[in-house]
Amino acid sequence: MRRLAVVALVALAFPATAFAHANLDSTSPTYRQRLHAPVREVVLRFDQAVQAEPNAIEVRSEFGKILSGAARAHGPTVRVPLKHLPRGAYTVRWHVLSEDGHVVSGVFTFGVGVKAPPPTEAYGASGPTTTEHVVRWAYFLSLALLLGGLGFRLLLGGEELPAAAERRFFLVAGAGVVATLEVGILAFMLRAEDALQLPFGRLLYGDLSSIAGGTRFGEAFIAMTLGYALVAAFVFLAWLTDRRFLLWPALVLGLGFASGLSLSGHSAVDAGSSWRSELADWAHLSAAALWIGGLIGLLVLWRSLPVLSRVAGLVVCVPRFSNVAFFSVVFLLASGVGATVIHMPILAALWETSYGKTILVKIGLLAAAMLLGAVNLLRSKPRLVAAPDADAGRPAAALLRRTISGETLLLAAAVFAAALLSSLAPPAAALAKEGSALAKVGPGPVGTVVHQGPYTLRVLVHPNKAVVPNSFALALTKNGKPVRRADVTLSLSMLDMQMANQELQLTETRPGIYARPAPALVMVGHWGLEFNVTPKGGTPFTALVVDHATG
Amino acid sequence: MLPKAEFVHWWFATGFLIIGLLLLAEALVGGEVWRRRAWRAYLWPSFLFLMGVLMWPVMVFYTNSTIHMLAHGSWAQAMMLAGAAELGLARGKLHSPYWSLTTAGAFLVSAAAILLHEQNGWLYARAAFLHHAIGWTFVIGAAFPLARAFRPGAAVVRTGFALIFVVTSVFLFSDRDTAPIFGHLSPLAGAQHR
């Protein structure tokens, strides 16, 4: 016993030479730093000595080319020399061995002359998976359960409910807020897993700070987790103290923090996004949550009321809810139409792009739900209100229950479409220019002749495959003679989804032939190749060709 | 920007100490005397619930590893749940004494999280020793809230339950190499890393 006490005291009194695994204290370049000139090395500083294999730090260009040498560790510092870094975005992936034997990993990005992408878009990250679509769906449903549940209970105002009904409302709102917190954590981990590209076992020791602090998604995760923890506290206190007014701050905070999704999603980060697109997205989300959650609240009330008082209960709450549902639908339509106008460069994008097709499916589901809502508004509600007694109101109540159940299911499906939409990037603004294309080329190697004014342009793309390096060339002639010393840039726009444009400066390799190899077709799909030509002493012109690149 | 991890440990150690002392006071004077002022019954569960709420910022701001983030998240939820159940019992919103088992469950979940996220052996380092000590204290200590569900008035159970919090606070105060409670520090320990 005495020996054990001595061991305990010694262990407590002496300091730890290492506390668990190593933590990354700082990096050079810093997370998402935009450098004006290339650096010669990447340096990581930890809070304790670490060991590093030669490939402990890997620096890749946006096209996946490795530009780092062998890493070396000196105590808590690990350095890796770099080759010359041309202008562009770079991804740093690192793995070091802590003193306790755990491999700690992380990822961050920086840019040379350009803005660095968030680590969730680092080279190697594959983007949202099916699991993430399902998790987003669960997240939206959790929010609907919470916000709609709170909204519905507040809608009933000072009406006293049977104890069982009151308890179920708090259970629904409680389940909603707990699910929001849990699913939020899961969504964050899935994003981190994709960014770090690690199996779960190693992800446990993955450094998430570059994602939590260096991306809008991470900042939204922090704000929303804290916000919904507070909402959970308000909901609990409202239940504990029987003070329903505490549900108001819970609802206001809940709606406010739901804006985290709008401030970190496509409505905020894509080209062309503004406070209008963010506001439209938030209004859309809030209206949908109040509608769906309110419907669930109505069903909960139906189940909780004794059979004999169901009709009387519905007579009180259905007219009130119908008004809220009506305004929610108006908001939903207005914000949805607004967001579609903002995101769709041309009407045809609605049926030509996967983003547009998903919107059409969502519109179809919402239209069907609204049809059932209209049946409630125009038939069930007047019949219920006009019923002289409970028996007379029973058929209308039964119709109401059936239509509400159907409406809820249709809306849950629409929410899944919304979850898909939030993962898909909207179509590119460049799509609007597609009509002015001089030719549509590909798939396969391209050697197409187009004319622009007095100029003849022969466009060459080889092998015209996505991801691999391609050779882009333009043979420029005027009246059969090569046009020399022109300034030719090639701007590449992804037409199937929103993505940053790339610009390549073509150099004259032979008289009148301007070329450059580059792995610029980074994904399969339709690309707008816009040649911007300034002939020496001539008038500048552009020539757009739509190219279809395959894998 | 962020406070050092040991400072955060000490803040929570202070919270546990307050809870422990409140429970000890209740055990010493007896439940009947303690509840002569009705608000006293809410004191320790409120602290526990509040500490759960305050654990969320720790979870989201200390993201240097996934396992720490998950562990902090599980403590936040365990403390909120246990505090909520005890407040519900004190207020009379919950009637079954078996709701006290929530606290026993919270002890076990917290213990699992603390033991799983420290994968080094007991004597690897002081921090590792403390993690194991806290984890096993909670595993063994879960017997007291378990017993509270069946023998809520037993003095031994009440005192043991209070002492678990006091002991945990002492461990938390001792955590990290700059913990003041054990003074500072032998040169044999090597270079400080903080």
# chains A, B, ... in the order shown; residues from 1 in each chain; ligands from 1

call {"tool": "residues_around", "arguments": {"residues": "Thr129 (chain A)", "least_positions_apart": "3", "cutoff": "12 Å", "atoms": "only C-alpha atoms", "output": "ChimeraX atom specification"}}
result
/A:125-126,132-136,187,190-191,193-194,419-420,423-424

call {"tool": "write_last_selection", "arguments": {"atoms": "C-alpha atoms", "output": "short mmCIF file (atom, residue, chain, number, x, y, z; two decimals), in the first residue's frame"}}
result
data_model
loop_
_atom_site.label_atom_id
_atom_site.label_comp_id
_atom_site.auth_asym_id
_atom_site.auth_seq_id
_atom_site.Cartn_x
_atom_site.Cartn_y
_atom_site.Cartn_z
CA ALA A 125 -10.18 15.21 -51.11
CA SER A 126 -12.95 13.57 -53.07
CA GLU A 132 -22.63 12.63 -46.28
CA HIS A 133 -25.81 13.16 -48.31
CA VAL A 134 -27.68 10.95 -45.82
CA VAL A 135 -26.09 12.76 -42.87
CA ARG A 136 -27.09 16.16 -44.31
CA ALA A 187 -20.97 15.58 -40.45
CA LEU A 190 -16.97 12.86 -42.26
CA ARG A 191 -15.75 16.09 -43.88
CA GLU A 193 -12.08 12.19 -42.89
CA ASP A 194 -12.37 13.15 -46.55
CA ALA A 419 -29.51 17.72 -48.89
CA LEU A 420 -28.31 16.58 -52.31
CA SER A 423 -23.66 19.02 -51.81
CA LEU A 424 -23.85 19.80 -55.52
#

call {"tool": "select_by_dssp", "arguments": {"residues": "region 37-126 of chain A", "states": "strand (DSSP E)", "output": "number ranges by chain"}}
result
A: 41-46, 57-61, 72-74, 77-81, 88-97, 103-112

call {"tool": "residues_around", "arguments": {"residues": "Gly15 (chain B)", "least_positions_apart": "6", "cutoff": "10 Å", "atoms": "only C-alpha atoms", "output": "PyMOL selection string"}}
result
chain B and resi 9+21+44+47-48+50-51+165-166+169

call {"tool": "residues_around", "arguments": {"residues": "Phe541 (chain A)", "least_positions_apart": "3", "cutoff": "9 Å", "atoms": "only C-alpha atoms", "output": "compact mmCIF listing (two decimals) with N, CA and C atoms, in the first residue's frame"}}
result
# COMPACT_ATOMS: atom_id res chain seq x y z
N GLN A 452 -13.24 33.27 -87.03
CA GLN A 452 -13.66 34.45 -86.27
C GLN A 452 -13.18 35.67 -87.03
N GLY A 453 -14.09 36.36 -87.69
CA GLY A 453 -13.72 37.50 -88.53
C GLY A 453 -12.77 37.03 -89.64
N PHE A 531 -10.48 31.19 -76.07
CA PHE A 531 -9.18 31.71 -76.49
C PHE A 531 -9.29 33.23 -76.60
N ASN A 532 -8.48 33.93 -75.82
CA ASN A 532 -8.45 35.39 -75.89
C ASN A 532 -7.20 35.78 -76.68
N VAL A 533 -7.41 36.31 -77.85
CA VAL A 533 -6.30 36.55 -78.78
C VAL A 533 -6.14 38.05 -79.00
N THR A 534 -4.90 38.52 -78.82
CA THR A 534 -4.59 39.92 -79.16
C THR A 534 -3.49 39.89 -80.22
N PRO A 535 -3.88 39.98 -81.50
CA PRO A 535 -2.85 39.97 -82.55
C PRO A 535 -1.97 41.21 -82.45
